[in-house]
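Novice: Please read through the structure below; I'll follow up with questions.
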Amino acid sequence: MPLALITSPHQHAAQTTQRVMQHLLLATVPGLVALTWHFGWGTLINVALASITALGCEAAVVVLRRRPVGFYLRDCSALVTAVLLGLALPPLAPWWIPVVGSAFAIVIAKHLYGGLGYNPFNPAMVGYVVLLISFPVEMTRWLAPASILPDGASLPDLQASLQLVFPLLGNTPIDAFTMATPLDTFKHSQGLLVEQVLAENVWFTQGTWSGAGWEWVNLGFLAGGCYLLLQRVFTWHAPVAMLAGLSLMALLNYDAGSSTSGGPLDLHLLSGATMLGAFFIVTDPVTSAVSHLGRLIYGALVGVLIYIIRIWGNYPDAVAFAVLLMNFAAPFIDYYTLPRTYGHEKRGRATKMKD
Amino acid sequence: MRQTWPLPGGIHPPENKSQSLQRPIAQPPLPPCLVLPLNQHIGTPSVPRVCVGETVLKGQVVADAEGMISAALHAPTSGVIKAIETRPIAHPSGGEDVCIVLESDGEERWIELAARPDYADLAPAEVLALIARAGITGMGGAGFPSATKLQPRHAIDTLIINAAECEPYITADDVLMRERAPGISVGIDILAHVLGQPETILIGIEDNKPEAASALRDALDGSRADLVEIPTRYPSGGEKQLIQILTGKEVPSGGLPADIGIVCQNVGTTHAVFEAVCKGTPLISRITTVTGGACAHAGNFEVLIGTPVEHLLQAAGYDQGICQRLIMGGPMMGFTLADTDVPVVKSTNCLLAADAKESPQNNIPQACIRCGLCAEACPANLLPQQLYWYARARDYDKLAAHNLNDCIECGACAYVCPSEIPLVQYYRAAKGEIRVMQQEKIFSDHARIRFEFHKDRMEKAEREKAAKREQRKKAAEVARSTVGNSQPAPDGTTATDEDSDVVRAALARVQANKSSTEAQLRKLERNLEALDTQLNNAQSRLTEIPESDTGPHGKAAAAIEQIRVKRARVAGELEALKNQAPETPTDTGANAEPAGQDQRAVDKAAEAIARAQQRMAEQQSMSPDDKRRHQRERLEKRLVKARQRLAQAQTDGDENLGAYADAVASLEQKLTALQNTETTAEAIASSGTDTGER
Ligand code: SF4
Ligand code: SF4
């Protein structure tokens with residue numbers, strides 16, 4: 001029997017794409033727990049609905065593309081997209097919200113561009129933005145965390161939650177639990193000094209650093225991000241740059257807490273989707289820049305854009321828009337941020353053509 | 001401790017070195033037949049120096065180096081040359097090559113060896129010759145002829161001995177250092193001697209070989225060489241990487257270590273240099289690690305070059321049944337062998353017979369998720385994911401901009417890639433395609449340059465011709481204005497204009513030649529005068545130098561002799577020119593070569609004059625009618641030619657188009673004028689006849 005001819009290297013590290021994705025899923029657990037703890041069953045239902053839809057869509061597209069289904073589903077990438085989308089959606093949104101978003105993310109944003117690795121835009125964020133633009137009411141209806149509900153009131157239990165999500169199962173009014181998010185609240189407190197807002201608003205009187213509940217959700221995602229950093233799933237460059245860009249903008253525009261202030265730093269870092277964005281969205285390798293320098297620039301600009309849209313834009317949160325805008329710019333950043341190769345005096349440019 | 005610099009990127013695969021470190025270096029039994037490929041090194045294949053049937057002794061040269069980058073080949077044992085033929089060789093492409101096949105006689109009779117333990121008293125060049133004669137090539141894997149590497153074009157200030165041995169499984173250098181450290185130490189000394197004692201001598205060894213390091217340290221006692229332990233991290237043993245780790249310098253892209261004053265040699269090579277110089281032993285054996293799950297007795301063997309792999313594997317208890325891949329070299333950069341009948345060559349540092357556990361299943365690669373793990377691992381600071389992307393797209397410009405050529409094919413990127421993409425394979429393929437394209441470009445560039453050169457030459461010739469025509473025309477005009485009417489045609493017509501033009505032009509040319517001959521004569525005379533003055537000066541200087549002062553005196557005398565020779569030549573030329581131009585006895589000529597040309601030109605002009613005069617005479621003897629007809633025919637002929645030229649010029653877009661058009665127009669004019677005269681003449685004639693008849 002002739003022996004096999006195979007090119008080097010003849011060894012391979014244990015890491016696999018599947019394992020990378022599983023690490024990512026695992027790392028979302030603290031954030032998911034925090035969300036569930038503070039906002040009830042809604043997020044879990046979101047994640048479940050989004051995941052089922054995503055896997056179904058992925059399988060369907062792969063079949064249509066005449067590829068082996070098992071091979072593609074095993075990489076878990078569809079699951080990651082779905083979970084991230086589910087985490088970003090408002091809890092207890094009607095069932096078709098996660099379903100539509102997830103289907104759009106997988107079919108349009110991922111597979112129509114060629115599937116895993118070829119999509120220029122982060123699928124979860126595309127799904128999110130499509131929903132936000134199409135269904136602004138459902139998408140901005142956030143719940144109040146359990147800790148600041150009036151005495152006697154509590155978040156809906158599982159059965160009530162399911163009824164809220166699937167209105168056919170029964171009818172429970174949701175308005176009893178909804179409430180503007182801390183970022184929203186702050187945005188609409190114009191004319192008040194920062195101090196006044198912090199002293200008077202229930203979000204901040206009940207919270208430790210900023211918005212009750214939200215701060216824990218963000219810390220949960222931060223913890224997950226640190227786990228991924230330790231696992232070397234990604235490098236620190238993009239998330240740190242994003243947080244730095246956002247912080248810098250927040251500090252520059254704090255305006256000594258006047259009534260026109262953009263809000264305190266901890267509010268920006270620990271509310272909304274900041275940490276989810278920093279460690280799970282900006283770090284999406286497919287749609288971000290590739291080199292270290294490129295990732296620093298990419299991350300920092302996402303941070304700056306988040307702040308700009310939050311303060312001067314029409315949307316209460318801005319991670320999705322900022323990320324999508326920078327997805328556009330990523331290939332351009334790549335062209336100008338090649339690392340300096342061994343034996344070369346300076347870094348090159350990808351646009352340089354040889355004559 | 002010496003400062004070291006960190007290796008950017010790099011990986012830490014399982015070392016798997018202990019398997020082959022259980023036993024000391026062993027000798028496999030003498031193989032019955034040895035196969036020596038002529039091209040075991042980088043460069044030109046060696047040229048056989050033995051014939052089939054010839055008996056050779058152990059260590060005898062069987063093939064010579066050919067050209068600058070090549071290496072000699074020696075008989076690893078005594079025996080008979082059985083064949084010189086193509087045989088399968090160990091090569092990534094699994095190809096064949098010409099090999100010398102030696103049947104051993106089992107007697108191991110050595111040729112007489114010339115040991116030079118006194119190398120320190122020899123000139124570096126002589127030691128270098130000893131190394132070249134021993135056929136030593138780089139033994140770390142690449143196989144570059146060592147003698148070539150040891151005569152760099154730049155001054156060398158650092159000698160680096162590569163003892164890193166960073167690939168998993170391989171322990172050949174490790175055991176060599178453990179068991180033969182003193183030889184290595186001497187080898188280092190020899191290399192330093194050859195390189196003119198570089199300032200710094202560094203030995204880079206990974207810190208996973210403490211025993212080897214301590215053995216070498218003992219042997220180095222009293223030597224200038226500095227043993228530096230570096231962190232174990234693949235590929236720290238890559239030449240460029242080791243240089244970076246030990247010196248912080250980087251070999252410029254596309255350059256050699258020598259460009260930054262560094263020469264790097266492998267420990268195995270260093271030991272071979274010691275053997276070659278101090279014992280006179282050519283490179284006929286090496287230490288090879290034979291290991292892997294399919295070898296029951298893994299270990300290191302001192303193998304004769306040319307030993308069939310099968311023979312060596314048997315010595316290590318190879319079990320073909322469980323061998324999944326047979327790799328020559330290490331698991332990171334080695335290549336697989338399809339067959340076990342290929343020979344061990346000078347650069348074979350390892351044979352790895354991997355069992356199922358050790359060879360990754362070849363999973364279908366998944367999509368690149370651009371995770372960047374590959375970029376983190378790349379020691380050359382490339383972006384492997386982008387290279388992969390552009391290699392698949394065959395975007396060669398982008399590949400060049402991303403410095404594909406600086407990829408050392410270490411495989412670190414493919415090792416870490418979670419999608420198990422065979423990245424290095426893509427890079428090799430792309431590099432191959434680019435090489436082919438560059439070759440083609442060189443060819444087409446050559447062709448283009450040749451074509452343009454040819455076009456230029458043709459145009460230049462055309463321009464010169466046109467200029468000559470112009471000159472002739474001018475000269476003719478001048479001549480006409482002076483001589484013009486002094487030679488009226490006897491019949492009173494102007495029809496002979498053109499013939500007389502030719503005559504005048506020829507006369508003018510002769511005049512011009514004569515004057516140029518005169519100018520040359522004058523130039524030669526001036527030369528002669530100048531040489532005379534020089535000679536006088538030099539002679540007076542010579543008398544000032546005392547004859548005892550042999551150096552300067554000799555020089556001055558030589559200078560005088562030179563002037564004399566020159567003067568004689570000039571005088572000769574002058575004489576020749578004067579003889580050739582007897583009609584100008586006072587104004588004199590030119591040097592020999594142009595004078596001949598002038599002479600020829602004069603002859604030609606004379607001929608032209610004679611021809612034209614003859615034509616004139618003929619015409620004069622003709623009747624006016626005949627003359628006119630004759631003239632018309634000639635004019636018509638010329639017109640046809642001129643029109644052809646014009647048409648040609650039009651299609652070619654010739655710059656002299658205007659001149660051609662003018663020529664045609666003036667010929668047409670002349671022809672109509674002639675026809676007019678003809679009709680009048682006929683009219684007169686007919687009226688004459690009429691009158692006559694009347
Ligand atoms: S390691 Fe593999 S999957 Fe990751 S970026 Fe590199 S090539 Fe792509
Ligand atoms: S094979 Fe080339 S691209 Fe890959 S790690 Fe090595 S040098 Fe970098």
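Starting from 1 in every chain, residues are counted up; chains themselves are A, B, ... following the order of the structure tokens, and ligands are numbered from 1 as listed.
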Select all residues from chain B having any atom no more than 8 Å from an atom of chain A (counting only C-alpha atoms, ignoring ligands), output as a CSV table (one decimal) with C-alpha atoms, in the first residue's frame.

Specialist:
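The resulting file, iface-v7.csv, is shown below:
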chain,number,residue,atom,x,y,z
B,13,PRO,CA,3.1,21.9,19.8
B,250,GLU,CA,15.9,41.1,11.0
B,251,VAL,CA,17.2,39.8,7.7
B,252,PRO,CA,16.0,42.2,5.1
B,253,SER,CA,13.2,40.8,2.9
B,324,GLN,CA,-0.4,6.2,8.7
B,325,ARG,CA,2.1,8.7,7.3
B,326,LEU,CA,5.8,8.4,6.7
B,331,PRO,CA,5.9,17.1,11.6
B,332,MET,CA,5.7,20.8,10.9
B,333,MET,CA,7.7,21.2,7.8
B,334,GLY,CA,8.6,17.7,6.7
B,335,PHE,CA,7.1,16.1,3.6
B,336,THR,CA,5.5,12.7,3.3
B,337,LEU,CA,7.1,9.8,1.4
B,338,ALA,CA,5.0,7.6,-0.8
B,339,ASP,CA,7.5,4.8,-0.7
B,358,GLU,CA,-0.2,10.9,15.7
B,359,SER,CA,-1.6,11.9,12.4
B,360,PRO,CA,-4.6,14.2,12.4
B,366,GLN,CA,-14.3,24.5,7.3
B,367,ALA,CA,-14.8,28.1,6.2
B,368,CYS,CA,-12.3,30.7,7.4
B,369,ILE,CA,-14.0,32.5,10.2
B,370,ARG,CA,-11.2,35.1,10.2
B,371,CYS,CA,-10.6,34.5,13.8
B,372,GLY,CA,-7.1,35.7,13.4
B,373,LEU,CA,-5.5,32.8,15.4
B,375,ALA,CA,-2.0,35.9,12.4
B,379,PRO,CA,6.4,34.4,13.2
B,380,ALA,CA,6.8,36.6,10.1
B,381,ASN,CA,4.0,38.9,11.1
B,382,LEU,CA,1.9,38.2,8.1
B,383,LEU,CA,-1.8,38.0,7.8
B,397,ASP,CA,-1.0,41.9,-6.7
B,398,LYS,CA,-2.6,41.7,-3.3
B,400,ALA,CA,2.6,40.6,-3.2
B,401,ALA,CA,1.3,43.6,-1.2
B,402,HIS,CA,0.7,41.2,1.7
B,403,ASN,CA,4.3,40.0,1.4
B,406,ASP,CA,8.2,36.5,3.2
B,410,CYS,CA,6.6,27.2,8.8
B,411,GLY,CA,3.0,25.9,9.1
B,412,ALA,CA,2.3,27.6,12.4
B,414,ALA,CA,-2.2,26.0,9.6
B,415,TYR,CA,-1.4,24.3,13.0
B,416,VAL,CA,-3.6,26.7,14.9
B,417,CYS,CA,-6.3,27.2,12.3
B,418,PRO,CA,-9.6,26.0,14.0
B,419,SER,CA,-11.1,25.5,10.6
B,420,GLU,CA,-8.2,23.2,9.7
B,424,VAL,CA,0.6,26.5,3.7
B,425,GLN,CA,-0.6,24.4,0.7

Novice: Residues near A:Ala273, anyone? I mean within 8 Å using only C-alpha atoms, not counting same-chain ones fewer than 2 positions away, as a short mmCIF file (atom, residue, chain, number, x, y, z; two decimals) with N, CA, C and O atoms, in the first residue's frame.

Specialist:
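What follows is the written file result-v7.cif:
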data_model
loop_
_atom_site.label_atom_id
_atom_site.label_comp_id
_atom_site.auth_asym_id
_atom_site.auth_seq_id
_atom_site.Cartn_x
_atom_site.Cartn_y
_atom_site.Cartn_z
N ALA A 88 -30.08 40.46 22.57
CA ALA A 88 -30.20 41.89 22.31
C ALA A 88 -31.66 42.33 22.24
O ALA A 88 -31.95 43.52 22.40
N ASN A 218 -24.64 44.09 32.16
CA ASN A 218 -23.38 44.47 31.51
C ASN A 218 -22.18 43.81 32.18
O ASN A 218 -21.25 43.37 31.50
N SER A 271 -24.71 50.52 30.73
CA SER A 271 -26.11 50.29 30.36
C SER A 271 -26.21 49.98 28.88
O SER A 271 -25.23 50.07 28.14
N MET A 275 -21.54 46.29 26.86
CA MET A 275 -20.62 45.18 27.07
C MET A 275 -20.91 44.01 26.11
O MET A 275 -20.00 43.35 25.64
N LEU A 276 -22.19 43.83 25.83
CA LEU A 276 -22.52 42.80 24.84
C LEU A 276 -21.84 43.16 23.52
O LEU A 276 -21.22 42.33 22.87
N GLY A 277 -21.94 44.44 23.16
CA GLY A 277 -21.31 44.89 21.92
C GLY A 277 -19.81 44.75 21.97
O GLY A 277 -19.18 44.25 21.03
N ASP A 317 -30.35 53.40 21.81
CA ASP A 317 -29.05 52.72 21.86
C ASP A 317 -28.52 52.61 20.44
O ASP A 317 -29.26 52.76 19.47
N VAL A 319 -25.48 50.47 19.45
CA VAL A 319 -24.42 49.50 19.15
C VAL A 319 -24.61 48.90 17.76
O VAL A 319 -23.68 48.84 16.96
#

Novice: Have a look at B:Arg509, B:Arg541, B:Lys240, B:Arg116 and name the one nearest to ligand 2; count only C-alpha atoms and all ligand atoms.

Specialist: B:Lys240

Novice: Would you give me, as a ChimeraX atom specification, the residues in stretch 245-356 of chain B that DSSP reads as alpha helix (DSSP H)?

Specialist: /B:245-247,267-274,309-315

Novice: Could you give me, as a ChimeraX atom specification, the residues within 12 Å of B:Leu130, counting only C-alpha atoms and dropping anything in the same chain fewer than 5 positions from it?

Specialist: /B:72,113-117,119,122-125,135-136,146-147,190-191,194,272-283

Novice: Closest to ligand 2 among B:Leu507, B:Ala608, B:Ala90, B:Leu399, using only C-alpha atoms and all ligand atoms?

Specialist: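 Checking each candidate against ligand 2, we get B:Leu399 as the closest.
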
Novice: Please indicate the distance in Å from atom CA of A:Gly207 to atom CA of A:Ala144, rounded to one decimal place.

Specialist: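 Those two atoms sit 12.4 Å apart.
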
Novice: Contacts of stretch 24-38 of chain B at 6 Å or less, counting only C-alpha atoms, minus same-chain residues fewer than 5 places along, as a count of residues only?

Specialist: 16

Novice: Could you go through stretch 83-164 of chain B and tell me which residues DSSP, when run on the backbone, assigns to strand (DSSP E), listing them as a PDB file with N, CA, C and O atoms, in the first residue's frame?

Specialist:
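The resulting selection.pdb:
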ATOM      1  N   ALA B  83      25.294   1.393 -11.120  1.00  0.00           N
ATOM      2  CA  ALA B  83      24.531   2.094 -12.157  1.00  0.00           C
ATOM      3  C   ALA B  83      24.571   3.588 -11.893  1.00  0.00           C
ATOM      4  O   ALA B  83      24.845   4.023 -10.766  1.00  0.00           O
ATOM      5  N   ILE B  84      24.363   4.362 -12.945  1.00  0.00           N
ATOM      6  CA  ILE B  84      24.084   5.793 -12.800  1.00  0.00           C
ATOM      7  C   ILE B  84      22.791   6.005 -13.572  1.00  0.00           C
ATOM      8  O   ILE B  84      22.780   5.977 -14.797  1.00  0.00           O
ATOM      9  N   GLU B  85      21.706   6.153 -12.853  1.00  0.00           N
ATOM     10  CA  GLU B  85      20.399   6.124 -13.511  1.00  0.00           C
ATOM     11  C   GLU B  85      19.380   6.891 -12.688  1.00  0.00           C
ATOM     12  O   GLU B  85      19.652   7.281 -11.561  1.00  0.00           O
ATOM     13  N   THR B  86      18.190   7.131 -13.286  1.00  0.00           N
ATOM     14  CA  THR B  86      17.146   7.813 -12.512  1.00  0.00           C
ATOM     15  C   THR B  86      16.505   6.824 -11.560  1.00  0.00           C
ATOM     16  O   THR B  86      16.231   5.684 -11.905  1.00  0.00           O
ATOM     17  N   ARG B  87      16.317   7.327 -10.345  1.00  0.00           N
ATOM     18  CA  ARG B  87      15.705   6.526  -9.289  1.00  0.00           C
ATOM     19  C   ARG B  87      14.739   7.425  -8.532  1.00  0.00           C
ATOM     20  O   ARG B  87      14.919   8.636  -8.508  1.00  0.00           O
ATOM     21  N   PRO B  88      13.741   6.867  -7.900  1.00  0.00           N
ATOM     22  CA  PRO B  88      12.880   7.720  -7.064  1.00  0.00           C
ATOM     23  C   PRO B  88      13.697   8.317  -5.926  1.00  0.00           C
ATOM     24  O   PRO B  88      14.536   7.624  -5.330  1.00  0.00           O
ATOM     25  N   GLU B  96      11.659  11.763  -9.453  1.00  0.00           N
ATOM     26  CA  GLU B  96      12.837  10.921  -9.640  1.00  0.00           C
ATOM     27  C   GLU B  96      14.009  11.813  -9.991  1.00  0.00           C
ATOM     28  O   GLU B  96      13.824  12.949 -10.409  1.00  0.00           O
ATOM     29  N   ASP B  97      15.207  11.300  -9.839  1.00  0.00           N
ATOM     30  CA  ASP B  97      16.377  12.067 -10.234  1.00  0.00           C
ATOM     31  C   ASP B  97      17.537  11.108 -10.496  1.00  0.00           C
ATOM     32  O   ASP B  97      17.482   9.940 -10.127  1.00  0.00           O
ATOM     33  N   VAL B  98      18.577  11.639 -11.149  1.00  0.00           N
ATOM     34  CA  VAL B  98      19.724  10.798 -11.460  1.00  0.00           C
ATOM     35  C   VAL B  98      20.475  10.467 -10.170  1.00  0.00           C
ATOM     36  O   VAL B  98      20.747  11.347  -9.357  1.00  0.00           O
ATOM     37  N   CYS B  99      20.793   9.200  -9.985  1.00  0.00           N
ATOM     38  CA  CYS B  99      21.486   8.761  -8.775  1.00  0.00           C
ATOM     39  C   CYS B  99      22.662   7.859  -9.175  1.00  0.00           C
ATOM     40  O   CYS B  99      22.617   7.180 -10.198  1.00  0.00           O
ATOM     41  N   ILE B 100      23.681   7.878  -8.325  1.00  0.00           N
ATOM     42  CA  ILE B 100      24.763   6.909  -8.479  1.00  0.00           C
ATOM     43  C   ILE B 100      24.441   5.752  -7.543  1.00  0.00           C
ATOM     44  O   ILE B 100      24.204   5.966  -6.349  1.00  0.00           O
ATOM     45  N   VAL B 101      24.395   4.564  -8.085  1.00  0.00           N
ATOM     46  CA  VAL B 101      24.043   3.406  -7.258  1.00  0.00           C
ATOM     47  C   VAL B 101      25.326   2.641  -6.941  1.00  0.00           C
ATOM     48  O   VAL B 101      26.082   2.257  -7.837  1.00  0.00           O
ATOM     49  N   LEU B 102      25.561   2.456  -5.644  1.00  0.00           N
ATOM     50  CA  LEU B 102      26.813   1.838  -5.196  1.00  0.00           C
ATOM     51  C   LEU B 102      26.497   0.537  -4.465  1.00  0.00           C
ATOM     52  O   LEU B 102      25.711   0.522  -3.506  1.00  0.00           O
ATOM     53  N   GLU B 103      27.108  -0.551  -4.945  1.00  0.00           N
ATOM     54  CA  GLU B 103      26.917  -1.836  -4.285  1.00  0.00           C
ATOM     55  C   GLU B 103      28.068  -2.002  -3.305  1.00  0.00           C
ATOM     56  O   GLU B 103      29.231  -1.985  -3.704  1.00  0.00           O
ATOM     57  N   SER B 104      27.756  -2.144  -2.029  1.00  0.00           N
ATOM     58  CA  SER B 104      28.863  -2.181  -1.067  1.00  0.00           C
ATOM     59  C   SER B 104      29.513  -3.564  -1.076  1.00  0.00           C
ATOM     60  O   SER B 104      28.843  -4.582  -1.263  1.00  0.00           O
ATOM     61  N   THR B 158      29.020  38.438  13.172  1.00  0.00           N
ATOM     62  CA  THR B 158      28.377  37.493  14.087  1.00  0.00           C
ATOM     63  C   THR B 158      28.241  36.120  13.434  1.00  0.00           C
ATOM     64  O   THR B 158      27.763  36.013  12.314  1.00  0.00           O
ATOM     65  N   LEU B 159      28.706  35.118  14.158  1.00  0.00           N
ATOM     66  CA  LEU B 159      28.498  33.735  13.715  1.00  0.00           C
ATOM     67  C   LEU B 159      27.464  33.122  14.655  1.00  0.00           C
ATOM     68  O   LEU B 159      27.621  33.192  15.872  1.00  0.00           O
ATOM     69  N   ILE B 160      26.405  32.589  14.074  1.00  0.00           N
ATOM     70  CA  ILE B 160      25.368  31.978  14.909  1.00  0.00           C
ATOM     71  C   ILE B 160      25.326  30.479  14.626  1.00  0.00           C
ATOM     72  O   ILE B 160      25.295  30.055  13.471  1.00  0.00           O
ATOM     73  N   ILE B 161      25.388  29.692  15.682  1.00  0.00           N
ATOM     74  CA  ILE B 161      25.262  28.247  15.524  1.00  0.00           C
ATOM     75  C   ILE B 161      23.836  27.876  15.938  1.00  0.00           C
ATOM     76  O   ILE B 161      23.407  28.159  17.057  1.00  0.00           O
ATOM     77  N   ASN B 162      23.143  27.271  15.009  1.00  0.00           N
ATOM     78  CA  ASN B 162      21.736  26.955  15.243  1.00  0.00           C
ATOM     79  C   ASN B 162      21.612  25.580  15.898  1.00  0.00           C
ATOM     80  O   ASN B 162      21.780  24.551  15.255  1.00  0.00           O
TER      81      ASN B 162
END

Novice: Rank B:Ala508, B:Ile421, B:Ala606, B:Ile449 by their smallest atom-to-atom distance to ligand 1, using only C-alpha atoms and all ligand atoms, and report the top residue only.

Specialist: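 Under the stated criterion, the closest residue is B:Ile421.
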
Novice: Need to verify the contact set: stretch 200-204 of chain A, 8 Å, only C-alpha atoms, exclusion of same-chain residues closer than 5 positions in sequence. Can you return it as number ranges by chain?

Specialist: A: 148, 182, 209-212

Novice: Quick one: of B:Val186, B:Leu73, B:Ala258, B:Leu387, who's nearest to ligand 1, counting only C-alpha atoms and all ligand atoms?

Specialist: B:Leu387

Novice: Out of B:Ser444, B:Gln631, B:Asn266, B:Asn656, which residue has the shortest atom-to-atom distance to B:Ala467 when counting only C-alpha atoms?

Specialist: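 Result for the nearest residue to B:Ala467: B:Asn656.
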
Novice: Tell me which protein, DNA and RNA residues are within 10 Å of stretch 27-40 of chain A, counting only C-alpha atoms, leaving out same-chain ones fewer than 3 positions away, and put them as a count of residues only.

Specialist: 51

Novice: Applying 10 Å and only C-alpha atoms, which residues near B:Ser18 remain after dropping the ones on its own chain fewer than 5 positions away? List them as a ChimeraX atom specification.

Specialist: /B:169-171,291,298-299

Novice: Between atom CA of A:Val194 and atom CA of A:Leu305, what distance in Å does the model show, to one decimal?

Specialist: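 Interatomic distance, atom CA of A:Val194 to atom CA of A:Leu305: 22.1 Å.
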
Novice: Find, counting only C-alpha atoms, the residue in B:Phe144, B:Lys670, B:Cys51, B:Asp445 that gets nearest to B:Arg634.

Specialist: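 Nearest candidate to B:Arg634 out of B:Phe144, B:Lys670, B:Cys51, B:Asp445: B:Lys670.
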